[in-house]
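What's in coords32.tsv: TSV, N, CA and C atoms
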```tsv
chain	number	residue	atom	x	y	z
A	1	MET	N	-14.31	-28.77	21.02
A	1	MET	CA	-14.41	-28.80	19.56
A	1	MET	C	-14.86	-27.42	19.07
A	2	SER	N	-14.29	-27.00	17.98
A	2	SER	CA	-14.58	-25.68	17.42
A	2	SER	C	-15.99	-25.62	16.85
A	3	GLY	N	-16.62	-24.44	16.99
A	3	GLY	CA	-17.93	-24.22	16.39
A	3	GLY	C	-17.78	-23.61	15.02
A	4	CYS	N	-16.70	-23.94	14.32
A	4	CYS	CA	-16.41	-23.30	13.05
A	4	CYS	C	-15.78	-24.30	12.09
A	5	ASP	N	-16.18	-24.21	10.83
A	5	ASP	CA	-15.54	-25.00	9.79
A	5	ASP	C	-15.00	-24.04	8.73
A	6	CYS	N	-14.39	-24.58	7.68
A	6	CYS	CA	-13.79	-23.73	6.65
A	6	CYS	C	-14.80	-22.78	6.01
A	7	SER	N	-15.99	-23.27	5.74
A	7	SER	CA	-16.98	-22.42	5.07
A	7	SER	C	-17.36	-21.23	5.95
A	8	LYS	N	-17.53	-21.46	7.25
A	8	LYS	CA	-17.86	-20.34	8.15
A	8	LYS	C	-16.66	-19.40	8.27
A	9	ALA	N	-15.47	-19.96	8.45
A	9	ALA	CA	-14.27	-19.13	8.60
A	9	ALA	C	-14.07	-18.24	7.38
A	10	LYS	N	-14.21	-18.81	6.20
A	10	LYS	CA	-14.00	-18.03	4.97
A	10	LYS	C	-15.12	-17.02	4.75
A	11	ALA	N	-16.34	-17.39	5.11
A	11	ALA	CA	-17.47	-16.47	4.94
A	11	ALA	C	-17.37	-15.27	5.86
A	12	GLU	N	-16.76	-15.46	7.03
A	12	GLU	CA	-16.69	-14.39	8.02
A	12	GLU	C	-15.29	-13.79	8.13
A	13	LEU	N	-14.39	-14.14	7.22
A	13	LEU	CA	-13.01	-13.67	7.31
A	13	LEU	C	-12.91	-12.16	7.25
A	14	GLU	N	-13.65	-11.53	6.37
A	14	GLU	CA	-13.59	-10.07	6.23
A	14	GLU	C	-13.96	-9.39	7.54
A	15	GLU	N	-15.05	-9.81	8.14
A	15	GLU	CA	-15.47	-9.24	9.42
A	15	GLU	C	-14.44	-9.55	10.51
A	16	PHE	N	-13.88	-10.75	10.48
A	16	PHE	CA	-12.85	-11.14	11.45
A	16	PHE	C	-11.63	-10.21	11.33
A	17	LEU	N	-11.20	-9.97	10.08
A	17	LEU	CA	-10.04	-9.11	9.85
A	17	LEU	C	-10.26	-7.69	10.36
A	18	HIS	N	-11.49	-7.22	10.32
A	18	HIS	CA	-11.81	-5.86	10.75
A	18	HIS	C	-12.32	-5.81	12.19
A	19	ASP	N	-12.20	-6.94	12.89
A	19	ASP	CA	-12.62	-7.04	14.29
A	19	ASP	C	-14.08	-6.63	14.46
A	20	GLU	N	-14.94	-7.16	13.57
A	20	GLU	CA	-16.36	-6.81	13.58
A	20	GLU	C	-17.26	-7.97	14.01
A	21	LEU	N	-16.66	-9.07	14.49
A	21	LEU	CA	-17.45	-10.22	14.90
A	21	LEU	C	-17.66	-10.22	16.41
A	22	ARG	N	-18.72	-10.90	16.83
A	22	ARG	CA	-18.91	-11.13	18.26
A	22	ARG	C	-17.71	-11.90	18.78
A	23	HIS	N	-17.40	-11.72	20.03
A	23	HIS	CA	-16.24	-12.38	20.64
A	23	HIS	C	-16.27	-13.89	20.43
A	24	GLU	N	-17.44	-14.50	20.59
A	24	GLU	CA	-17.56	-15.96	20.46
A	24	GLU	C	-17.25	-16.42	19.04
A	25	ASP	N	-17.77	-15.70	18.05
A	25	ASP	CA	-17.52	-16.06	16.65
A	25	ASP	C	-16.05	-15.89	16.29
A	26	ALA	N	-15.43	-14.80	16.77
A	26	ALA	CA	-14.02	-14.58	16.50
A	26	ALA	C	-13.18	-15.68	17.15
A	27	ALA	N	-13.55	-16.08	18.37
A	27	ALA	CA	-12.83	-17.15	19.06
A	27	ALA	C	-12.95	-18.46	18.29
A	28	ASP	N	-14.13	-18.73	17.74
A	28	ASP	CA	-14.33	-19.94	16.93
A	28	ASP	C	-13.41	-19.94	15.71
A	29	ILE	N	-13.30	-18.79	15.05
A	29	ILE	CA	-12.45	-18.71	13.86
A	29	ILE	C	-10.99	-18.86	14.24
A	30	ARG	N	-10.56	-18.21	15.33
A	30	ARG	CA	-9.18	-18.37	15.78
A	30	ARG	C	-8.86	-19.83	16.09
A	31	GLU	N	-9.77	-20.49	16.77
A	31	GLU	CA	-9.58	-21.89	17.11
A	31	GLU	C	-9.50	-22.74	15.84
A	32	HIS	N	-10.38	-22.47	14.88
A	32	HIS	CA	-10.37	-23.22	13.62
A	32	HIS	C	-9.04	-23.03	12.89
A	33	MET	N	-8.54	-21.80	12.85
A	33	MET	CA	-7.30	-21.53	12.11
A	33	MET	C	-6.09	-22.20	12.75
A	34	GLU	N	-6.16	-22.50	14.03
A	34	GLU	CA	-5.05	-23.19	14.68
A	34	GLU	C	-4.79	-24.55	14.03
A	35	GLY	N	-5.83	-25.16	13.47
A	35	GLY	CA	-5.67	-26.46	12.86
A	35	GLY	C	-5.91	-26.49	11.36
A	36	CYS	N	-6.08	-25.35	10.74
A	36	CYS	CA	-6.40	-25.32	9.31
A	36	CYS	C	-5.42	-24.40	8.57
A	37	GLU	N	-4.52	-25.01	7.86
A	37	GLU	CA	-3.51	-24.25	7.13
A	37	GLU	C	-4.12	-23.39	6.02
A	38	ASP	N	-5.14	-23.90	5.34
A	38	ASP	CA	-5.78	-23.17	4.24
A	38	ASP	C	-6.40	-21.86	4.74
A	39	CYS	N	-7.16	-21.93	5.82
A	39	CYS	CA	-7.81	-20.73	6.36
A	39	CYS	C	-6.78	-19.77	6.95
A	40	THR	N	-5.73	-20.32	7.57
A	40	THR	CA	-4.66	-19.48	8.10
A	40	THR	C	-3.97	-18.72	6.98
A	41	THR	N	-3.75	-19.39	5.85
A	41	THR	CA	-3.14	-18.74	4.70
A	41	THR	C	-4.04	-17.62	4.18
A	42	GLU	N	-5.33	-17.88	4.07
A	42	GLU	CA	-6.26	-16.83	3.61
A	42	GLU	C	-6.25	-15.65	4.57
A	43	HIS	N	-6.17	-15.93	5.86
A	43	HIS	CA	-6.11	-14.87	6.86
A	43	HIS	C	-4.85	-14.03	6.67
A	44	ARG	N	-3.70	-14.68	6.47
A	44	ARG	CA	-2.45	-13.95	6.25
A	44	ARG	C	-2.54	-13.06	5.01
A	45	VAL	N	-3.12	-13.58	3.94
A	45	VAL	CA	-3.29	-12.79	2.72
A	45	VAL	C	-4.16	-11.57	3.01
A	46	GLY	N	-5.23	-11.76	3.76
A	46	GLY	CA	-6.10	-10.65	4.13
A	46	GLY	C	-5.38	-9.59	4.94
A	47	VAL	N	-4.56	-10.02	5.89
A	47	VAL	CA	-3.80	-9.08	6.72
A	47	VAL	C	-2.85	-8.27	5.85
A	48	VAL	N	-2.13	-8.94	4.96
A	48	VAL	CA	-1.19	-8.25	4.07
A	48	VAL	C	-1.93	-7.26	3.18
A	49	LEU	N	-3.07	-7.65	2.65
A	49	LEU	CA	-3.86	-6.77	1.79
A	49	LEU	C	-4.32	-5.52	2.56
A	50	ILE	N	-4.83	-5.72	3.75
A	50	ILE	CA	-5.28	-4.59	4.56
A	50	ILE	C	-4.12	-3.65	4.87
A	51	GLU	N	-2.98	-4.20	5.25
A	51	GLU	CA	-1.81	-3.36	5.56
A	51	GLU	C	-1.33	-2.61	4.33
A	52	THR	N	-1.34	-3.26	3.17
A	52	THR	CA	-0.90	-2.63	1.93
A	52	THR	C	-1.83	-1.47	1.55
A	53	VAL	N	-3.12	-1.69	1.64
A	53	VAL	CA	-4.08	-0.63	1.33
A	53	VAL	C	-3.94	0.52	2.32
A	54	ARG	N	-3.78	0.19	3.59
A	54	ARG	CA	-3.62	1.23	4.62
A	54	ARG	C	-2.40	2.10	4.32
A	55	ARG	N	-1.27	1.47	3.96
A	55	ARG	CA	-0.06	2.24	3.63
A	55	ARG	C	-0.28	3.08	2.38
A	56	ALA	N	-0.92	2.50	1.37
A	56	ALA	CA	-1.14	3.22	0.11
A	56	ALA	C	-2.03	4.44	0.32
A	57	CYS	N	-2.96	4.35	1.22
A	57	CYS	CA	-3.86	5.48	1.48
A	57	CYS	C	-3.15	6.62	2.19
A	58	LYS	N	-2.03	6.35	2.80
A	58	LYS	CA	-1.27	7.39	3.49
A	58	LYS	C	-0.31	8.10	2.55
A	59	GLU	N	-0.02	7.50	1.40
A	59	GLU	CA	0.91	8.09	0.46
A	59	GLU	C	0.25	9.26	-0.27
A	60	THR	N	1.05	10.21	-0.68
A	60	THR	CA	0.53	11.33	-1.45
A	60	THR	C	1.16	11.32	-2.83
A	61	ALA	N	0.46	11.89	-3.78
A	61	ALA	CA	0.97	11.96	-5.15
A	61	ALA	C	2.13	12.95	-5.20
A	62	PRO	N	3.10	12.70	-6.07
A	62	PRO	CA	4.19	13.66	-6.25
A	62	PRO	C	3.62	15.01	-6.68
A	63	GLU	N	4.25	16.07	-6.27
A	63	GLU	CA	3.74	17.42	-6.55
A	63	GLU	C	3.57	17.67	-8.05
A	64	ALA	N	4.51	17.18	-8.88
A	64	ALA	CA	4.41	17.39	-10.33
A	64	ALA	C	3.15	16.73	-10.88
A	65	LEU	N	2.84	15.52	-10.43
A	65	LEU	CA	1.63	14.83	-10.88
A	65	LEU	C	0.39	15.57	-10.41
A	66	ARG	N	0.40	15.99	-9.17
A	66	ARG	CA	-0.75	16.73	-8.62
A	66	ARG	C	-1.00	18.00	-9.44
A	67	SER	N	0.06	18.74	-9.73
A	67	SER	CA	-0.07	19.98	-10.51
A	67	SER	C	-0.61	19.71	-11.91
A	68	GLU	N	-0.12	18.64	-12.54
A	68	GLU	CA	-0.57	18.29	-13.89
A	68	GLU	C	-2.06	17.94	-13.89
A	69	ILE	N	-2.48	17.17	-12.93
A	69	ILE	CA	-3.90	16.78	-12.84
A	69	ILE	C	-4.78	18.00	-12.61
A	70	LEU	N	-4.37	18.87	-11.71
A	70	LEU	CA	-5.16	20.09	-11.46
A	70	LEU	C	-5.22	20.98	-12.69
A	71	ALA	N	-4.13	21.07	-13.44
A	71	ALA	CA	-4.12	21.88	-14.67
A	71	ALA	C	-5.09	21.29	-15.69
A	72	ARG	N	-5.10	19.98	-15.84
A	72	ARG	CA	-6.02	19.34	-16.78
A	72	ARG	C	-7.47	19.53	-16.36
A	73	ILE	N	-7.73	19.48	-15.08
A	73	ILE	CA	-9.10	19.70	-14.59
A	73	ILE	C	-9.53	21.11	-14.93
A	74	ARG	N	-8.64	22.08	-14.73
A	74	ARG	CA	-8.98	23.48	-15.05
A	74	ARG	C	-9.28	23.65	-16.53
A	75	VAL	N	-8.49	23.00	-17.39
A	75	VAL	CA	-8.72	23.06	-18.85
A	75	VAL	C	-10.10	22.48	-19.16
A	76	GLU	N	-10.41	21.34	-18.61
A	76	GLU	CA	-11.72	20.70	-18.85
A	76	GLU	C	-12.85	21.60	-18.36
A	77	GLN	N	-12.68	22.18	-17.19
A	77	GLN	CA	-13.73	23.05	-16.66
A	77	GLN	C	-13.91	24.29	-17.53
A	78	ALA	N	-12.83	24.81	-18.05
A	78	ALA	CA	-12.90	26.01	-18.88
A	78	ALA	C	-13.56	25.76	-20.22
A	79	THR	N	-13.48	24.53	-20.71
A	79	THR	CA	-14.04	24.23	-22.02
A	79	THR	C	-15.47	23.71	-21.95
A	80	HIS	N	-16.01	23.57	-20.78
A	80	HIS	CA	-17.40	23.08	-20.65
A	80	HIS	C	-18.31	24.11	-20.11
```
Spell out the structure here as structure tokens.
Amino acid sequence: MSGCDCSKAKAELEEFLHDELRHEDAADIREHMEGCEDCTTEHRVGVVLIETVRRACKETAPEALRSEILARIRVEQATH
């Protein structure tokens, strides 16, 4: 029998997603998710969110936008 219920799984989901739990706690959550569609769905949403943020952090601003922002910063600095 699993040492985990929905409240524990949801409370520790963030740490689980980032592989920050003790092995035993992570195993409990994995076992719980095998039989819990709701927690499995929350886990999938978390995985997608982490992957989306990771991809977004690798993207760079278009050069025209970067140049415009730097120009505005220079104007602000010059007037203060």
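Here atom CA of Cys6 of chain A is placed at a distance of 7.8 Å from atom CA of His32 of chain A.
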| said: Given only C-alpha atoms as the basis, pick out the residue of A:Glu14, A:Glu68, A:Glu59, A:Asp28 nearest to Val45 of chain A. | reply: A:Glu14
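Nearest residue to His43 of chain A, choosing from A:Cys4, A:Ala61, A:Ile69, A:Leu13 and counting all atoms listed in the file: A:Leu13.
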| request: Take atom N of Met33 of chain A and atom N of Ala56 of chain A and report the distance between them in Å, one decimal. | output: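 So the answer is 27.9 Å.
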| note | Taken to one decimal, the atom N of Thr60 of chain A-atom N of Ala78 of chain A distance is 26.6 Å
| message | I'd like the contact shell of segment 17-24 of chain A - 10 Å cut-off, only C-alpha atoms, skipping same-chain residues fewer than 5 positions apart - returned as a count of residues only. | response | 9
